[in-house]
file query.txt (compact mmCIF, C-alpha atoms)
# COMPACT_ATOMS: atom_id res chain seq x y z
CA MET Y 1318 152.36 43.26 26.90
CA ASP Y 1319 151.69 42.32 30.53
CA LYS Y 1320 148.24 42.75 32.03
CA VAL Y 1321 147.70 45.60 34.51
CA SER Y 1322 145.61 45.83 37.67
CA VAL Y 1323 144.13 49.34 37.90
CA ILE Y 1324 142.95 50.30 41.39
CA ILE Y 1325 140.50 53.09 42.21
CA PRO Y 1326 139.77 53.80 45.89
CA THR Y 1327 136.62 55.81 46.44
CA TYR Y 1328 134.73 57.26 49.38
CA ASN Y 1329 131.44 59.11 48.88
CA ARG Y 1330 132.47 60.29 45.41
CA SER Y 1331 129.60 58.87 43.36
CA HIS Y 1332 129.23 62.23 41.60
CA THR Y 1333 132.73 62.01 40.07
CA LEU Y 1334 133.39 58.26 40.06
CA LYS Y 1335 131.76 57.43 36.72
CA ARG Y 1336 133.91 59.96 34.85
CA ALA Y 1337 137.08 58.52 36.42
CA VAL Y 1338 136.06 54.93 35.67
CA GLU Y 1339 135.14 55.69 32.08
CA SER Y 1340 138.52 57.36 31.53
CA VAL Y 1341 140.13 54.04 32.48
CA LEU Y 1342 137.77 51.91 30.43
CA GLY Y 1343 138.44 54.15 27.42
CA GLN Y 1344 142.18 53.49 27.38
CA THR Y 1345 143.78 52.53 24.07
CA PHE Y 1346 145.64 49.83 26.03
CA ASP Y 1347 142.84 47.59 27.25
CA ASN Y 1348 144.53 44.55 28.80
CA PHE Y 1349 143.69 45.31 32.42
CA GLU Y 1350 141.40 44.54 35.32
CA LEU Y 1351 139.79 47.45 37.16
CA LEU Y 1352 139.34 47.12 40.92
CA ILE Y 1353 137.02 49.73 42.43
CA VAL Y 1354 137.59 49.71 46.19
CA ASP Y 1355 134.61 51.30 47.96
CA ASP Y 1356 136.08 52.58 51.21
CA GLY Y 1357 132.89 52.39 53.25
CA SER Y 1358 130.89 54.90 51.20
CA GLU Y 1359 127.45 55.95 52.41
CA ASP Y 1360 126.22 57.39 49.11
CA ASP Y 1361 125.06 55.63 45.92
CA THR Y 1362 128.55 54.51 44.86
CA LYS Y 1363 127.47 50.89 44.32
CA SER Y 1364 124.59 51.96 42.07
CA VAL Y 1365 126.98 54.00 39.96
CA VAL Y 1366 129.32 51.03 39.59
CA ASP Y 1367 126.42 48.68 38.78
CA SER Y 1368 125.35 51.02 35.98
CA ILE Y 1369 128.68 50.55 34.18
CA GLN Y 1370 128.66 47.28 32.30
CA ASP Y 1371 132.21 46.07 31.71
CA LYS Y 1372 133.57 42.63 32.55
CA ARG Y 1373 136.95 44.09 33.52
CA ILE Y 1374 135.44 45.76 36.61
CA ARG Y 1375 135.67 44.18 40.07
CA TYR Y 1376 133.81 45.96 42.86
CA ILE Y 1377 135.16 45.59 46.41
CA LYS Y 1378 133.16 47.01 49.31
CA LEU Y 1379 135.06 47.57 52.57
CA LYS Y 1380 133.03 47.30 55.78
CA GLU Y 1381 134.67 50.36 57.32
CA ASN Y 1382 136.60 53.37 56.09
CA ARG Y 1383 140.36 52.73 56.01
CA GLY Y 1384 141.51 55.88 54.25
CA ALA Y 1385 142.90 56.11 50.73
CA ALA Y 1386 146.17 54.34 51.59
CA GLY Y 1387 144.42 51.41 53.25
CA ALA Y 1388 141.93 51.08 50.39
CA ARG Y 1389 144.70 51.07 47.80
CA ASN Y 1390 146.66 48.47 49.75
CA GLU Y 1391 143.57 46.26 49.87
CA GLY Y 1392 143.16 46.67 46.12
CA VAL Y 1393 146.76 45.59 45.55
CA ARG Y 1394 146.27 42.62 47.87
CA ARG Y 1395 143.33 41.44 45.76
CA SER Y 1396 144.90 42.26 42.40
CA GLU Y 1397 145.84 39.47 40.02
CA CYS Y 1398 148.46 41.12 37.79
CA SER Y 1399 152.21 41.74 38.07
CA LEU Y 1400 151.79 45.42 37.19
CA ILE Y 1401 149.60 47.85 39.13
CA ALA Y 1402 148.33 51.35 38.42
CA PHE Y 1403 146.31 53.78 40.51
CA GLN Y 1404 143.53 56.14 39.55
CA ASP Y 1405 141.65 58.50 41.86
CA SER Y 1406 137.86 58.68 41.83
CA ASP Y 1407 137.79 62.35 40.83
CA ASP Y 1408 140.53 62.44 38.17
CA VAL Y 1409 140.64 61.66 34.44
CA TRP Y 1410 143.18 59.62 32.50
CA ARG Y 1411 143.76 60.71 28.93
CA PRO Y 1412 143.12 57.88 26.43
CA GLU Y 1413 146.75 56.94 25.73
CA LYS Y 1414 147.99 57.10 29.31
CA LEU Y 1415 148.45 53.37 29.91
CA GLU Y 1416 149.63 52.65 26.37
CA ARG Y 1417 152.35 55.30 26.54
CA GLN Y 1418 153.54 53.94 29.88
CA MET Y 1419 153.54 50.33 28.71
CA ILE Y 1420 155.56 51.21 25.61
CA TYR Y 1421 158.05 53.05 27.81
CA TRP Y 1422 158.27 50.03 30.08
CA GLU Y 1423 159.06 47.68 27.22
CA GLN Y 1424 162.00 49.94 26.41
CA HIS Y 1425 163.09 50.34 30.06
CA PRO Y 1426 162.28 47.06 31.86
CA GLU Y 1427 164.69 47.92 34.68
CA CYS Y 1428 162.27 50.54 36.05
CA ALA Y 1429 160.16 49.71 39.08
CA LEU Y 1430 157.82 52.63 38.45
CA VAL Y 1431 156.91 54.80 35.46
CA TYR Y 1432 155.12 58.12 35.88
CA CYS Y 1433 154.18 61.18 33.81
CA ASP Y 1434 153.17 64.82 34.01
CA TYR Y 1435 149.63 65.93 34.77
CA LEU Y 1436 147.45 69.00 34.50
CA ALA Y 1437 145.75 70.14 37.72
CA HIS Y 1438 142.45 72.01 37.66
CA ALA Y 1439 141.41 73.64 40.95
CA VAL Y 1440 137.98 75.25 41.19
CA LEU Y 1441 138.49 78.38 43.30
CA ASP Y 1442 134.91 79.68 43.02
CA GLU Y 1443 131.95 79.56 40.64
CA GLU Y 1444 133.76 81.60 38.01
CA THR Y 1445 137.46 80.82 38.53
CA VAL Y 1446 139.46 77.71 37.74
CA ASP Y 1447 143.18 77.71 38.41
CA GLU Y 1448 145.27 75.38 36.23
CA TRP Y 1449 148.91 74.33 36.46
CA VAL Y 1450 151.16 71.57 35.13
CA VAL Y 1451 152.91 69.28 37.61
CA SER Y 1452 156.10 68.13 35.91
CA ALA Y 1453 159.48 66.66 36.83
CA ARG Y 1454 161.14 67.91 33.66
CA GLY Y 1455 164.78 68.79 34.29
CA LYS Y 1456 164.60 67.93 37.99
CA GLU Y 1457 166.49 64.64 38.09
CA SER Y 1458 170.06 64.80 39.38
CA GLU Y 1459 172.90 62.45 38.51
CA LYS Y 1460 171.75 60.30 41.42
CA GLY Y 1461 168.23 60.07 40.07
CA ILE Y 1462 165.07 61.61 41.43
CA PHE Y 1463 165.42 60.43 45.04
CA LEU Y 1464 166.99 63.63 46.40
CA GLN Y 1465 164.55 65.82 44.50
CA LEU Y 1466 161.64 63.87 45.93
CA LEU Y 1467 162.91 64.57 49.42
CA LEU Y 1468 162.23 68.24 48.69
CA GLU Y 1469 159.09 68.22 46.57
CA ASN Y 1470 156.46 65.85 45.29
CA SER Y 1471 156.18 65.51 41.51
CA ILE Y 1472 154.75 61.97 41.33
CA GLY Y 1473 151.00 61.90 41.94
CA THR Y 1474 149.24 58.62 42.71
CA PRO Y 1475 147.20 58.50 39.46
CA THR Y 1476 150.39 58.90 37.39
CA MET Y 1477 151.93 55.73 38.83
CA LEU Y 1478 152.36 52.43 37.00
CA MET Y 1479 154.63 50.02 38.86
CA LYS Y 1480 155.74 46.48 39.45
CA LYS Y 1481 153.62 44.87 42.13
CA GLU Y 1482 156.60 43.03 43.62
CA CYS Y 1483 158.43 46.35 44.18
CA PHE Y 1484 155.36 47.91 45.75
CA LEU Y 1485 155.12 45.02 48.19
CA GLU Y 1486 158.88 45.03 48.84
CA VAL Y 1487 158.80 48.62 50.17
CA GLY Y 1488 155.68 47.94 52.24
CA GLY Y 1489 153.00 49.59 50.09
CA PHE Y 1490 151.24 52.78 51.15
CA ASP Y 1491 151.68 53.87 54.76
CA ASP Y 1492 148.09 53.62 55.99
CA THR Y 1493 148.89 55.68 59.09
CA LEU Y 1494 149.21 58.75 56.83
CA ARG Y 1495 146.02 60.66 55.98
CA SER Y 1496 147.85 62.80 53.44
CA LEU Y 1497 151.03 62.60 51.31
CA GLU Y 1498 150.90 58.80 51.20
CA ASP Y 1499 151.72 58.98 47.49
CA TRP Y 1500 154.76 61.20 48.13
CA ASP Y 1501 155.97 58.90 50.90
CA LEU Y 1502 155.65 55.82 48.65
CA ALA Y 1503 157.45 57.53 45.76
CA VAL Y 1504 160.40 58.38 48.03
CA ARG Y 1505 160.69 54.79 49.25
CA ILE Y 1506 160.52 53.43 45.68
CA ALA Y 1507 163.09 55.97 44.41
CA GLU Y 1508 165.46 55.15 47.26
CA LYS Y 1509 165.65 51.52 46.19
CA TYR Y 1510 164.77 51.26 42.49
CA SER Y 1511 165.03 52.98 39.11
CA ILE Y 1512 162.10 55.19 38.14
CA GLY Y 1513 161.04 56.08 34.60
CA TYR Y 1514 159.54 59.40 33.55
CA ILE Y 1515 157.44 60.35 30.53
CA ASN Y 1516 157.61 64.07 29.81
CA GLU Y 1517 154.02 64.29 28.66
CA ILE Y 1518 150.71 65.29 30.25
CA LEU Y 1519 148.68 62.08 30.34
CA LEU Y 1520 145.97 62.87 32.90
CA ASP Y 1521 143.92 65.62 34.44
CA VAL Y 1522 143.65 66.04 38.21
CA TYR Y 1523 140.80 67.87 39.93
CA PRO Y 1524 141.75 68.67 43.54
CA GLY Y 1525 138.57 69.52 45.43
CA LYS Y 1526 138.17 71.57 48.57
CA ASP Y 1527 137.15 68.40 50.39
CA GLY Y 1528 139.98 66.30 48.95
CA ILE Y 1529 142.65 64.58 51.02
CA SER Y 1530 145.38 66.75 49.53
CA MET Y 1531 143.60 69.86 50.83
CA GLY Y 1532 143.69 68.77 54.49
CA LEU Y 1533 146.40 71.03 55.90
CA GLY Y 1534 146.56 69.36 59.30
CA ALA Y 1535 147.18 65.98 57.69
CA TYR Y 1536 149.66 67.59 55.29
CA PHE Y 1537 151.80 69.13 58.04
CA ASP Y 1538 151.73 65.89 59.99
CA GLY Y 1539 152.75 63.80 56.99
CA ARG Y 1540 155.47 66.19 55.85
CA SER Y 1541 156.93 66.45 59.37
CA ARG Y 1542 157.11 62.67 59.58
CA MET Y 1543 158.83 62.43 56.20
CA ILE Y 1544 161.46 65.05 57.13
CA ALA Y 1545 162.16 63.28 60.42
CA ARG Y 1546 162.38 59.89 58.71
CA TYR Y 1547 164.87 61.07 56.08
CA ARG Y 1548 166.77 63.54 58.23
CA GLU Y 1549 170.07 61.70 57.83
CA GLN Y 1550 169.86 61.49 54.03
CA MET Y 1551 168.77 65.11 53.73
CA THR Y 1552 171.57 66.30 56.01
CA GLU Y 1553 174.16 64.34 54.04
CA ALA Y 1554 172.89 65.86 50.79
CA GLY Y 1555 172.82 69.36 52.29
CA ILE Y 1556 169.07 69.86 51.81
CA PHE Y 1557 167.72 69.32 55.34
CA ASP Y 1558 167.61 73.03 56.23
CA ARG Y 1559 165.86 73.84 52.96
CA ALA Y 1560 163.18 71.21 53.57
CA VAL Y 1561 162.56 72.49 57.09
CA ASN Y 1562 162.48 76.12 55.97
CA ASP Y 1563 159.97 75.30 53.22
CA LEU Y 1564 157.75 73.56 55.77
CA PHE Y 1565 157.99 76.41 58.28
CA GLN Y 1566 157.27 79.08 55.67
CA MET Y 1567 154.11 77.28 54.64
CA ALA Y 1568 153.10 76.84 58.29
CA GLN Y 1569 153.70 80.53 59.01
CA LYS Y 1570 151.43 81.55 56.13
CA ARG Y 1571 148.70 79.37 57.64
CA GLY Y 1572 149.23 80.70 61.16
CA VAL Y 1573 150.31 77.36 62.64
CA LEU Y 1574 154.10 77.76 62.78
CA GLU Y 1575 154.57 76.99 66.47
CA THR Y 1576 152.34 73.92 66.23
CA VAL Y 1577 154.29 72.56 63.27
CA LYS Y 1578 157.61 73.25 64.99
CA ARG Y 1579 156.50 71.18 67.98
CA MET Y 1580 155.24 68.47 65.66
CA LEU Y 1581 158.55 68.20 63.80
CA LEU Y 1582 160.58 68.12 67.02
CA LEU Y 1583 158.31 65.39 68.37
CA TYR Y 1584 158.86 63.19 65.30
CA MET Y 1585 162.60 63.78 65.46
CA GLY Y 1586 162.59 62.60 69.07
CA GLN Y 1587 163.60 65.93 70.55
call {"tool": "encode", "arguments": {"input": "query.txt", "output": "structure tokens"}}
result
Amino acid sequence: MDKVSVIIPTYNRSHTLKRAVESVLGQTFDNFELLIVDDGSEDDTKSVVDSIQDKRIRYIKLKENRGAAGARNEGVRRSECSLIAFQDSDDVWRPEKLERQMIYWEQHPECALVYCDYLAHAVLDEETVDEWVVSARGKESEKGIFLQLLLENSIGTPTMLMKKECFLEVGGFDDTLRSLEDWDLAVRIAEKYSIGYINEILLDVYPGKDGISMGLGAYFDGRSRMIARYREQMTEAGIFDRAVNDLFQMAQKRGVLETVKRMLLLYMGQ
């Protein structure tokens, strides 16, 4: 099987990084290099990395913070393999994650990207943990997952294993986005290439209160930009109004409806 470049961007997450790294190093498929891209951390991230002795690890320290998208793009730029995978510094891959994806890829070499389901664990308070499965089961239409992805995100960054050449062809992660950069990339990949799906939970995600995905301002900005960018395709498929309504309902619940309306109109050039 081909060798894989696994990329972990991290920023001040020394307290969770070791667990994420060890979940990669413990994979049953072990033909990979692991690039840990330190996105300008000010904590003891380097000490944590130095404490893990494994020749597959490459530590890259960025001089300034570029955001998750920029750090991942830098990791891809420095990667040496034709296949790339992404892990987040606070999530955990299950041991057979890479192996299951590589086996699928051998059977479906036409795919540009292969992803899987995951289990999310959100700590609500000291005594409560909310858990839910993020799955694309039964959501693909006859035209593939592209149209579904225009409505909802079911491909998280740490589920992705893809061909490096396809990643570069679509321009990589949009480093102007501070949220939803994984969703945006998945849409661009799905628009152009075939995507493979493994109906199995192969990792655990731990969204924290300080995580990028929890930044509502960045979320509304990113989602508004995506809707504006794909307005024509959504309108043609008859799903534009649904996407806008979903966005506005969420904004209304958060008390920022008028702000989000202005944001969307701005991105649509109105």
call {"tool": "closest_residue", "arguments": {"input": "query.txt", "among": "Y:Ser1399, Y:Asn1382, Y:Gln1418, Y:Thr1345", "to": "Asp1492 of chain Y", "atoms": "all atoms listed in the file"}}
result
Y:Asn1382
call {"tool": "residues_around", "arguments": {"input": "query.txt", "residues": "Ser1406 of chain Y", "least_positions_apart": "4", "cutoff": "6 Å", "atoms": "all atoms listed in the file", "output": "ChimeraX atom specification"}}
result
/Y:1327,1334,1337
call {"tool": "atom_distance", "arguments": {"input": "query.txt", "atom1": "atom CA of Thr1552 of chain Y", "atom2": "atom CA of Met1567 of chain Y"}}
result
20.7 Å
call {"tool": "atom_distance", "arguments": {"input": "query.txt", "atom1": "atom CA of Glu1508 of chain Y", "atom2": "atom CA of Gly1555 of chain Y"}}
result
16.8 Å
call {"tool": "closest_residue", "arguments": {"input": "query.txt", "among": "Y:Ala1386, Y:Leu1400, Y:Ile1420, Y:Leu1352", "to": "Trp1500 of chain Y", "atoms": "all atoms listed in the file"}}
result
Y:Ala1386
call {"tool": "closest_residue", "arguments": {"input": "query.txt", "among": "Y:Leu1467, Y:Leu1494, Y:Leu1520, Y:Ile1401", "to": "Glu1549 of chain Y", "atoms": "only C-alpha atoms"}}
result
Y:Leu1467
call {"tool": "closest_residue", "arguments": {"input": "query.txt", "among": "Y:Gly1586, Y:Gly1343, Y:Gly1513, Y:Gly1392", "to": "Ala1453 of chain Y", "atoms": "all atoms listed in the file"}}
result
Y:Gly1513
call {"tool": "residues_near_point", "arguments": {"input": "query.txt", "point": "(154.9, 45.3, 52.4)", "cutoff": "12 Å", "atoms": "only C-alpha atoms", "output": "number ranges by chain"}}
result
Y: 1390-1391, 1393-1394, 1481-1492, 1502, 1505-1506
call {"tool": "closest_residue", "arguments": {"input": "query.txt", "among": "Y:Arg1336, Y:Arg1579, Y:Arg1559, Y:Arg1540", "to": "Trp1410 of chain Y", "atoms": "all atoms listed in the file"}}
result
Y:Arg1336
call {"tool": "residues_around", "arguments": {"input": "query.txt", "residues": "Leu1436 of chain Y", "least_positions_apart": "4", "cutoff": "8 Å", "atoms": "all atoms listed in the file", "output": "ChimeraX atom specification"}}
result
/Y:1448-1451,1518,1520-1522
call {"tool": "residues_around", "arguments": {"input": "query.txt", "residues": "Glu1469 of chain Y", "least_positions_apart": "2", "cutoff": "12 Å", "atoms": "all atoms listed in the file", "output": "PDB file with C-alpha atoms, in the frame of the given file"}}
result
ATOM      1  CA  VAL Y1451     152.910  69.280  37.610  1.00  0.00           C
ATOM      2  CA  SER Y1452     156.100  68.130  35.910  1.00  0.00           C
ATOM      3  CA  ALA Y1453     159.480  66.660  36.830  1.00  0.00           C
ATOM      4  CA  LYS Y1456     164.600  67.930  37.990  1.00  0.00           C
ATOM      5  CA  GLU Y1457     166.490  64.640  38.090  1.00  0.00           C
ATOM      6  CA  ILE Y1462     165.070  61.610  41.430  1.00  0.00           C
ATOM      7  CA  PHE Y1463     165.420  60.430  45.040  1.00  0.00           C
ATOM      8  CA  LEU Y1464     166.990  63.630  46.400  1.00  0.00           C
ATOM      9  CA  GLN Y1465     164.550  65.820  44.500  1.00  0.00           C
ATOM     10  CA  LEU Y1466     161.640  63.870  45.930  1.00  0.00           C
ATOM     11  CA  LEU Y1467     162.910  64.570  49.420  1.00  0.00           C
ATOM     12  CA  SER Y1471     156.180  65.510  41.510  1.00  0.00           C
ATOM     13  CA  ILE Y1472     154.750  61.970  41.330  1.00  0.00           C
ATOM     14  CA  GLY Y1473     151.000  61.900  41.940  1.00  0.00           C
ATOM     15  CA  LEU Y1497     151.030  62.600  51.310  1.00  0.00           C
ATOM     16  CA  ASP Y1499     151.720  58.980  47.490  1.00  0.00           C
ATOM     17  CA  TRP Y1500     154.760  61.200  48.130  1.00  0.00           C
ATOM     18  CA  ASP Y1501     155.970  58.900  50.900  1.00  0.00           C
ATOM     19  CA  ALA Y1503     157.450  57.530  45.760  1.00  0.00           C
ATOM     20  CA  VAL Y1504     160.400  58.380  48.030  1.00  0.00           C
ATOM     21  CA  ARG Y1540     155.470  66.190  55.850  1.00  0.00           C
ATOM     22  CA  MET Y1543     158.830  62.430  56.200  1.00  0.00           C
ATOM     23  CA  ILE Y1544     161.460  65.050  57.130  1.00  0.00           C
ATOM     24  CA  ILE Y1556     169.070  69.860  51.810  1.00  0.00           C
ATOM     25  CA  ARG Y1559     165.860  73.840  52.960  1.00  0.00           C
ATOM     26  CA  ALA Y1560     163.180  71.210  53.570  1.00  0.00           C
ATOM     27  CA  VAL Y1561     162.560  72.490  57.090  1.00  0.00           C
ATOM     28  CA  ASP Y1563     159.970  75.300  53.220  1.00  0.00           C
ATOM     29  CA  LEU Y1564     157.750  73.560  55.770  1.00  0.00           C
TER      30      LEU Y1564
END
